[in-house]
Amino acid sequence: MSRSDDLKHMARAIQLAQRGLYSTDPNPRVGCVIVKDGVMVGEGWHQRAGEAHAEIHALKMAAEQASGATAYVTLEPCSHHGKTPPCSKALIDAGVARVVVAVQDPNPQVAGSGLKQLQEAGIVVEVGLLQAEAEALNPGFTRRMRTGRPYVRSKLAMSLDGRTAMASGESKWITSDAARADVHRLRARSSAILTGAGTVLADDPSLNVRLDGFDDRHQPIRVVLDPYLSTPTDAKMLSLPGRTLILTTSEEDGVMADLVKAGAEVVCMDGHGDAIDLHAVMAYLAELQVNEVLLETGATLSGAMLKQGLVDEMVIYMAPHIMGNQARGLFNLPGMDEMSQRIELDMMDIRAVGKDWRITAKPTIAESK
């Protein structure tokens with residue numbers, strides 16, 4: 001098989017994996033292509049958590065033609081029994097001759113053991129083809145497995161002069177319908193949406209996915225940081241499909257009981273007064289198998305998350321209008337008085353979304369976190 005053929009087939013496997021963008025959580029998105037004598041004989045992707053993995057779908061399609069074939073997989077085949085049997089054994093039993101893997105699995109339960117099983121069975125194994133492209137499929141799964149916290153994507157909407165709301169707090173709507181639809185796609189790929197109690201009180205947001213055909217069973221967890229338990233019991237999000245998790249430092253049992261009765265889950269976290277320990281929040285969400293967090297909140301929580309190195313990526317929608325110097329900014333970052341205190345950004349992508357511009361950037365402050 002030539003290098004160009006290998007690239008073509010792995011690119012197809014990555015394309016297949018993307019089909020599971022909204023449905024595999026908390027599992028990774030994985031695609032597989034099986035090729036025999038230069039012809040694709042089987043392909044598949046992980047469609048839903050708890051169901052068959054990509055390799056199983058591809059092997060089923062290939063049937064007996066899998067014997068002596070090459071399998072292209074975007075992530076190392078699993079080698080342990082979870083909700084489904086190990087894919088490494090299925091590939092061995094099918095008689096596959098060669099397996100090309102884009103990324104070694106960061107899950108400690110696998111972490112090279114699947115590759116070792118294949119090699120011990122006499123299968124030729126190659127790792128690293130289109131690795132960066134495959135890793136981009138699962139930033140949250142990889143972050144959680146390697147560091148014990150989710151991948152945090154901060155969503156921001158601003159005017160051309162960097163304002164997120166008028167001085168009065170009015171903010172509907174800064175961006176166009178096209179940009180807001182794009183935000184729903186970001187929500188749909190997220191495990192959780194994180195906000196603060198101030199946003200709940202000011203806007204009464206739904207923080208759910210509203211896309212045609214989206215399965216409400218996959219709604220991301222709505223997470224509210226609410227140290228004083230000020231979330232109203234009639235908040236809109238409490239009556240919507242999906243979980244609403246309120247994290248607090250308060251121990252007011254009566255208020256907790258009222259919120260639980262209204263549909264919330266309430267959990268006490270470490271912290272002092274109005275400052276919940278954000279690193280503890282991230283660790284707790286990782287325990288819940290949250291991979292990707294979409295941060296949708298005001299300048300105070302956004303600033304605190306950024307300053308503590310907990311924002312991995314910013315997605316900024318910039319609208320073509322001016323809101324003036326009295327309007328509110330993106331981040332509350334007290335104590336930044338000198339140019340040397342600036343937070344540097346790596347610009348990853350800029351593109352038009354309707355009449356707005358979407359800017360994707362990564363803060364360098366989060367690189368080592």
# chains A, B, ... in the order shown; residues from 1 in each chain; ligands from 1
>>> residues_around(residues="region 293-296 of chain A", least_positions_apart="6", cutoff="6 Å", atoms="only C-alpha atoms", output="PyMOL selection string")
chain A and resi 152-155+190-195
>>> select_by_dssp(residues="region 7-230 of chain A", states="strand (DSSP E)", output="ChimeraX atom specification")
/A:31-36,39-45,70-75,98-103,124-127,151-159,192-196,221-225
>>> select_by_dssp(residues="region 188-368 of chain A", states="helix (DSSP H, G or I)", output="PyMOL selection string")
chain A and resi 188-189+197-203+216-218+236-239+253-262+278-287+299-307+339-341+364-366
>>> write_last_selection(atoms="C-alpha atoms", output="CSV table (one decimal), in the first residue's frame")
chain,number,residue,atom,x,y,z
A,188,ALA,CA,-24.2,19.8,20.8
A,189,ARG,CA,-20.6,18.6,20.8
A,197,ALA,CA,-25.5,32.3,38.9
A,198,GLY,CA,-25.2,35.9,37.7
A,199,THR,CA,-25.9,34.9,34.2
A,200,VAL,CA,-28.9,32.8,35.3
A,201,LEU,CA,-30.3,35.7,37.3
A,202,ALA,CA,-29.8,38.3,34.5
A,203,ASP,CA,-30.8,36.3,31.4
A,216,ASP,CA,-32.7,15.4,23.7
A,217,ARG,CA,-31.2,12.4,25.4
A,218,HIS,CA,-27.8,13.9,24.5
A,236,LYS,CA,-36.2,28.0,32.8
A,237,MET,CA,-33.4,25.5,32.6
A,238,LEU,CA,-34.8,23.5,35.5
A,239,SER,CA,-37.8,22.5,33.5
A,253,ASP,CA,-30.5,22.7,53.4
A,254,GLY,CA,-33.9,24.3,52.9
A,255,VAL,CA,-32.8,26.1,49.7
A,256,MET,CA,-31.1,23.0,48.5
A,257,ALA,CA,-34.2,21.0,49.0
A,258,ASP,CA,-36.3,23.5,47.1
A,259,LEU,CA,-33.9,23.5,44.1
A,260,VAL,CA,-33.8,19.7,44.1
A,261,LYS,CA,-37.6,19.6,44.1
A,262,ALA,CA,-37.6,22.0,41.1
A,278,LEU,CA,-12.5,26.3,39.9
A,279,HIS,CA,-9.8,23.5,39.7
A,280,ALA,CA,-12.0,21.4,42.0
A,281,VAL,CA,-14.9,22.0,39.7
A,282,MET,CA,-12.9,20.8,36.7
A,283,ALA,CA,-11.8,17.7,38.6
A,284,TYR,CA,-15.4,17.0,39.7
A,285,LEU,CA,-16.6,17.3,36.1
A,286,ALA,CA,-13.9,14.9,34.9
A,287,GLU,CA,-15.2,12.4,37.5
A,299,ALA,CA,-16.9,38.6,32.3
A,300,THR,CA,-16.3,37.7,36.0
A,301,LEU,CA,-16.3,33.9,35.6
A,302,SER,CA,-14.8,34.1,32.1
A,303,GLY,CA,-11.9,36.2,33.5
A,304,ALA,CA,-11.4,33.9,36.5
A,305,MET,CA,-11.3,30.8,34.3
A,306,LEU,CA,-8.9,32.4,31.9
A,307,LYS,CA,-6.6,33.8,34.6
A,339,MET,CA,1.9,45.1,28.8
A,340,SER,CA,4.0,42.3,30.2
A,341,GLN,CA,0.9,40.9,31.9
A,364,THR,CA,-0.9,30.2,25.8
A,365,ILE,CA,-1.6,30.4,29.5
A,366,ALA,CA,-3.5,27.1,29.3
>>> residues_around(residues="Ala178 (chain A)", least_positions_apart="6", cutoff="9 Å", atoms="only C-alpha atoms", output="ChimeraX atom specification")
/A:353-356
>>> write_last_selection(atoms="all heavy atoms", output="mmCIF file, in the first residue's frame")
data_model
loop_
_atom_site.group_PDB
_atom_site.id
_atom_site.type_symbol
_atom_site.label_atom_id
_atom_site.label_comp_id
_atom_site.auth_asym_id
_atom_site.auth_seq_id
_atom_site.Cartn_x
_atom_site.Cartn_y
_atom_site.Cartn_z
ATOM 1 N N VAL A 353 -19.280 33.797 9.536
ATOM 2 C CA VAL A 353 -20.484 33.036 9.880
ATOM 3 C C VAL A 353 -21.647 34.005 9.727
ATOM 4 O O VAL A 353 -21.858 34.878 10.573
ATOM 5 C CB VAL A 353 -20.420 32.476 11.313
ATOM 6 C CG1 VAL A 353 -21.710 31.735 11.644
ATOM 7 C CG2 VAL A 353 -19.223 31.553 11.492
ATOM 8 N N GLY A 354 -22.378 33.875 8.636
ATOM 9 C CA GLY A 354 -23.395 34.872 8.328
ATOM 10 C C GLY A 354 -22.713 36.219 8.117
ATOM 11 O O GLY A 354 -21.698 36.325 7.420
ATOM 12 N N LYS A 355 -23.205 37.251 8.764
ATOM 13 C CA LYS A 355 -22.592 38.571 8.630
ATOM 14 C C LYS A 355 -21.547 38.842 9.716
ATOM 15 O O LYS A 355 -20.947 39.916 9.762
ATOM 16 C CB LYS A 355 -23.666 39.657 8.675
ATOM 17 C CG LYS A 355 -24.379 39.783 10.007
ATOM 18 C CD LYS A 355 -25.387 40.930 9.954
ATOM 19 C CE LYS A 355 -26.059 41.132 11.319
ATOM 20 N NZ LYS A 355 -27.018 42.260 11.291
ATOM 21 N N ASP A 356 -21.343 37.853 10.605
ATOM 22 C CA ASP A 356 -20.369 37.979 11.680
ATOM 23 C C ASP A 356 -19.078 37.249 11.326
ATOM 24 O O ASP A 356 -18.998 36.536 10.325
ATOM 25 C CB ASP A 356 -20.936 37.398 12.985
ATOM 26 C CG ASP A 356 -22.264 38.026 13.364
ATOM 27 O OD1 ASP A 356 -22.348 39.270 13.337
ATOM 28 O OD2 ASP A 356 -23.211 37.279 13.675
#
>>> closest_residue(among="A:Leu156, A:Val267, A:Ala102, A:Leu245", to="Trp357 (chain A)", atoms="only C-alpha atoms")
A:Leu156
>>> closest_residue(among="A:Leu59, A:Val125, A:Val315, A:Val103", to="Met348 (chain A)", atoms="only C-alpha atoms")
A:Val315
>>> residues_around(residues="Ala319 (chain A)", least_positions_apart="3", cutoff="12 Å", atoms="only C-alpha atoms", output="list in words")
Leu156, Ala157, Met158, Ser159, Leu160, Asp161, Gly162, Arg163, Thr164, Trp173, Ile174, Thr175, Ser176, Asp177, Ala178, Ala179, Arg180, Ile316, Ile322, Met323, Ala352, Val353, Gly354, Lys355, Asp356, Trp357, Arg358 and Ile359 of chain A
>>> write_last_selection(atoms="N, CA, C and O atoms", output="JSON list (two decimals), in the first residue's frame")
[["chain", "number", "residue", "atom", "x", "y", "z"],
["A", 156, "LEU", "N", -17.81, 33.36, 23.27],
["A", 156, "LEU", "CA", -18.00, 34.78, 23.54],
["A", 156, "LEU", "C", -18.60, 35.45, 22.31],
["A", 156, "LEU", "O", -18.26, 35.10, 21.18],
["A", 157, "ALA", "N", -19.48, 36.39, 22.55],
["A", 157, "ALA", "CA", -20.04, 37.19, 21.46],
["A", 157, "ALA", "C", -19.74, 38.65, 21.75],
["A", 157, "ALA", "O", -19.99, 39.13, 22.86],
["A", 158, "MET", "N", -19.21, 39.36, 20.76],
["A", 158, "MET", "CA", -18.82, 40.74, 21.01],
["A", 158, "MET", "C", -19.04, 41.61, 19.78],
["A", 158, "MET", "O", -19.15, 41.13, 18.66],
["A", 159, "SER", "N", -19.07, 42.91, 20.04],
["A", 159, "SER", "CA", -19.11, 43.89, 18.96],
["A", 159, "SER", "C", -17.69, 44.08, 18.41],
["A", 159, "SER", "O", -16.72, 43.55, 18.95],
["A", 160, "LEU", "N", -17.59, 44.87, 17.37],
["A", 160, "LEU", "CA", -16.27, 45.13, 16.77],
["A", 160, "LEU", "C", -15.33, 45.80, 17.77],
["A", 160, "LEU", "O", -14.11, 45.62, 17.71],
["A", 161, "ASP", "N", -15.89, 46.55, 18.72],
["A", 161, "ASP", "CA", -15.05, 47.19, 19.72],
["A", 161, "ASP", "C", -14.96, 46.37, 21.02],
["A", 161, "ASP", "O", -14.65, 46.90, 22.09],
["A", 162, "GLY", "N", -15.20, 45.06, 20.92],
["A", 162, "GLY", "CA", -14.94, 44.15, 22.02],
["A", 162, "GLY", "C", -15.90, 44.22, 23.19],
["A", 162, "GLY", "O", -15.54, 43.91, 24.32],
["A", 163, "ARG", "N", -17.16, 44.56, 22.93],
["A", 163, "ARG", "CA", -18.16, 44.68, 24.00],
["A", 163, "ARG", "C", -19.16, 43.55, 23.93],
["A", 163, "ARG", "O", -19.57, 43.12, 22.84],
["A", 164, "THR", "N", -19.58, 43.07, 25.12],
["A", 164, "THR", "CA", -20.47, 41.91, 25.18],
["A", 164, "THR", "C", -21.89, 42.27, 25.61],
["A", 164, "THR", "O", -22.80, 41.46, 25.48],
["A", 173, "TRP", "N", -29.81, 41.08, 20.56],
["A", 173, "TRP", "CA", -28.80, 40.08, 20.28],
["A", 173, "TRP", "C", -27.60, 40.78, 19.68],
["A", 173, "TRP", "O", -27.75, 41.62, 18.79],
["A", 174, "ILE", "N", -26.41, 40.41, 20.09],
["A", 174, "ILE", "CA", -25.20, 40.99, 19.52],
["A", 174, "ILE", "C", -24.93, 40.43, 18.14],
["A", 174, "ILE", "O", -24.61, 41.15, 17.20],
["A", 175, "THR", "N", -25.10, 39.13, 18.00],
["A", 175, "THR", "CA", -24.73, 38.46, 16.76],
["A", 175, "THR", "C", -25.96, 38.03, 15.97],
["A", 175, "THR", "O", -27.10, 38.11, 16.44],
["A", 176, "SER", "N", -25.72, 37.53, 14.77],
["A", 176, "SER", "CA", -26.78, 37.16, 13.83],
["A", 176, "SER", "C", -27.35, 35.78, 14.13],
["A", 176, "SER", "O", -26.81, 35.00, 14.92],
["A", 177, "ASP", "N", -28.45, 35.46, 13.44],
["A", 177, "ASP", "CA", -29.05, 34.13, 13.56],
["A", 177, "ASP", "C", -28.05, 33.04, 13.19],
["A", 177, "ASP", "O", -28.02, 31.97, 13.82],
["A", 178, "ALA", "N", -27.24, 33.28, 12.16],
["A", 178, "ALA", "CA", -26.26, 32.27, 11.71],
["A", 178, "ALA", "C", -25.25, 31.98, 12.80],
["A", 178, "ALA", "O", -24.88, 30.82, 13.03],
["A", 179, "ALA", "N", -24.78, 33.01, 13.49],
["A", 179, "ALA", "CA", -23.81, 32.82, 14.57],
["A", 179, "ALA", "C", -24.45, 32.06, 15.73],
["A", 179, "ALA", "O", -23.82, 31.17, 16.32],
["A", 180, "ARG", "N", -25.70, 32.39, 16.05],
["A", 180, "ARG", "CA", -26.36, 31.70, 17.17],
["A", 180, "ARG", "C", -26.62, 30.24, 16.83],
["A", 180, "ARG", "O", -26.53, 29.37, 17.70],
["A", 316, "ILE", "N", -14.85, 33.19, 19.52],
["A", 316, "ILE", "CA", -15.37, 34.55, 19.65],
["A", 316, "ILE", "C", -16.13, 34.93, 18.39],
["A", 316, "ILE", "O", -15.58, 34.87, 17.29],
["A", 322, "ILE", "N", -20.67, 48.80, 16.63],
["A", 322, "ILE", "CA", -19.96, 49.44, 17.73],
["A", 322, "ILE", "C", -20.94, 49.65, 18.88],
["A", 322, "ILE", "O", -22.05, 50.14, 18.67],
["A", 323, "MET", "N", -20.52, 49.30, 20.10],
["A", 323, "MET", "CA", -21.40, 49.44, 21.25],
["A", 323, "MET", "C", -20.95, 50.51, 22.24],
["A", 323, "MET", "O", -21.65, 50.81, 23.19],
["A", 352, "ALA", "N", -15.99, 33.69, 8.25],
["A", 352, "ALA", "CA", -17.29, 34.35, 8.28],
["A", 352, "ALA", "C", -18.38, 33.36, 8.67],
["A", 352, "ALA", "O", -18.39, 32.22, 8.21],
["A", 353, "VAL", "N", -19.28, 33.80, 9.54],
["A", 353, "VAL", "CA", -20.48, 33.04, 9.88],
["A", 353, "VAL", "C", -21.65, 34.00, 9.73],
["A", 353, "VAL", "O", -21.86, 34.88, 10.57],
["A", 354, "GLY", "N", -22.38, 33.88, 8.64],
["A", 354, "GLY", "CA", -23.40, 34.87, 8.33],
["A", 354, "GLY", "C", -22.71, 36.22, 8.12],
["A", 354, "GLY", "O", -21.70, 36.33, 7.42],
["A", 355, "LYS", "N", -23.21, 37.25, 8.76],
["A", 355, "LYS", "CA", -22.59, 38.57, 8.63],
["A", 355, "LYS", "C", -21.55, 38.84, 9.72],
["A", 355, "LYS", "O", -20.95, 39.92, 9.76],
["A", 356, "ASP", "N", -21.34, 37.85, 10.60],
["A", 356, "ASP", "CA", -20.37, 37.98, 11.68],
["A", 356, "ASP", "C", -19.08, 37.25, 11.33],
["A", 356, "ASP", "O", -19.00, 36.54, 10.33],
["A", 357, "TRP", "N", -18.07, 37.42, 12.18],
["A", 357, "TRP", "CA", -16.81, 36.68, 12.05],
["A", 357, "TRP", "C", -16.63, 35.80, 13.27],
["A", 357, "TRP", "O", -16.86, 36.25, 14.40],
["A", 358, "ARG", "N", -16.20, 34.56, 13.04],
["A", 358, "ARG", "CA", -15.89, 33.65, 14.14],
["A", 358, "ARG", "C", -14.37, 33.50, 14.25],
["A", 358, "ARG", "O", -13.71, 33.11, 13.29],
["A", 359, "ILE", "N", -13.86, 33.83, 15.42],
["A", 359, "ILE", "CA", -12.42, 33.76, 15.68],
["A", 359, "ILE", "C", -12.18, 32.63, 16.68],
["A", 359, "ILE", "O", -12.79, 32.60, 17.75]]
>>> residues_around(residues="region 87-101 of chain A", least_positions_apart="2", cutoff="6 Å", atoms="only C-alpha atoms", output="PyMOL selection string")
chain A and resi 66-79+103+114+123-127
>>> closest_residue(among="A:Thr142, A:Gln119, A:Gln65, A:Asn107", to="Lys36 (chain A)", atoms="only C-alpha atoms")
A:Gln65
>>> atom_distance(atom1="CA of Asp25 (chain A)", atom2="CA of His46 (chain A)")
10.3 Å
>>> atom_distance(atom1="CA of Pro26 (chain A)", atom2="CA of His9 (chain A)")
25.9 Å
>>> decode(residues="region 120-143 of chain A", atoms="N, CA and C atoms", output="compact mmCIF listing (two decimals), in the first residue's frame")
# COMPACT_ATOMS: atom_id res chain seq x y z
N GLU A 120 1.55 -8.99 19.00
CA GLU A 120 1.80 -10.35 19.49
C GLU A 120 1.07 -11.39 18.66
N ALA A 121 -0.01 -10.96 18.01
CA ALA A 121 -0.76 -11.88 17.14
C ALA A 121 -0.18 -11.93 15.73
N GLY A 122 0.93 -11.22 15.50
CA GLY A 122 1.58 -11.24 14.19
C GLY A 122 1.06 -10.21 13.21
N ILE A 123 0.27 -9.29 13.68
CA ILE A 123 -0.27 -8.24 12.82
C ILE A 123 0.73 -7.08 12.73
N VAL A 124 0.94 -6.57 11.54
CA VAL A 124 1.80 -5.39 11.34
C VAL A 124 1.04 -4.17 11.86
N VAL A 125 1.69 -3.40 12.74
CA VAL A 125 1.04 -2.23 13.35
C VAL A 125 1.87 -0.98 13.06
N GLU A 126 1.19 0.06 12.60
CA GLU A 126 1.84 1.35 12.36
C GLU A 126 1.02 2.43 13.06
N VAL A 127 1.71 3.37 13.71
CA VAL A 127 1.04 4.39 14.52
C VAL A 127 1.53 5.78 14.13
N GLY A 128 0.59 6.75 14.08
CA GLY A 128 0.98 8.14 13.91
C GLY A 128 0.55 8.78 12.61
N LEU A 129 -0.13 8.06 11.74
CA LEU A 129 -0.57 8.63 10.47
C LEU A 129 -1.72 9.61 10.71
N LEU A 130 -1.56 10.85 10.27
CA LEU A 130 -2.54 11.92 10.48
C LEU A 130 -2.90 12.07 11.96
N GLN A 131 -1.89 11.99 12.80
CA GLN A 131 -2.10 12.04 14.24
C GLN A 131 -2.76 13.33 14.69
N ALA A 132 -2.26 14.48 14.24
CA ALA A 132 -2.82 15.76 14.68
C ALA A 132 -4.29 15.89 14.29
N GLU A 133 -4.61 15.46 13.07
CA GLU A 133 -6.00 15.55 12.61
C GLU A 133 -6.91 14.64 13.43
N ALA A 134 -6.40 13.46 13.79
CA ALA A 134 -7.21 12.54 14.59
C ALA A 134 -7.35 13.02 16.02
N GLU A 135 -6.29 13.60 16.58
CA GLU A 135 -6.37 14.12 17.95
C GLU A 135 -7.38 15.26 18.05
N ALA A 136 -7.52 16.02 16.97
CA ALA A 136 -8.46 17.14 16.97
C ALA A 136 -9.92 16.68 17.10
N LEU A 137 -10.18 15.41 16.84
CA LEU A 137 -11.53 14.87 16.98
C LEU A 137 -11.95 14.80 18.44
N ASN A 138 -10.98 14.61 19.34
CA ASN A 138 -11.29 14.28 20.73
C ASN A 138 -10.47 15.08 21.73
N PRO A 139 -10.51 16.42 21.65
CA PRO A 139 -9.68 17.19 22.57
C PRO A 139 -10.06 16.98 24.04
N GLY A 140 -11.35 16.81 24.29
CA GLY A 140 -11.80 16.65 25.67
C GLY A 140 -11.45 15.29 26.24
N PHE A 141 -11.66 14.23 25.49
CA PHE A 141 -11.32 12.88 25.95
C PHE A 141 -9.82 12.81 26.25
N THR A 142 -9.02 13.37 25.34
CA THR A 142 -7.57 13.34 25.52
C THR A 142 -7.16 14.16 26.74
N ARG A 143 -7.72 15.35 26.88
CA ARG A 143 -7.40 16.22 28.02
C ARG A 143 -7.77 15.53 29.34
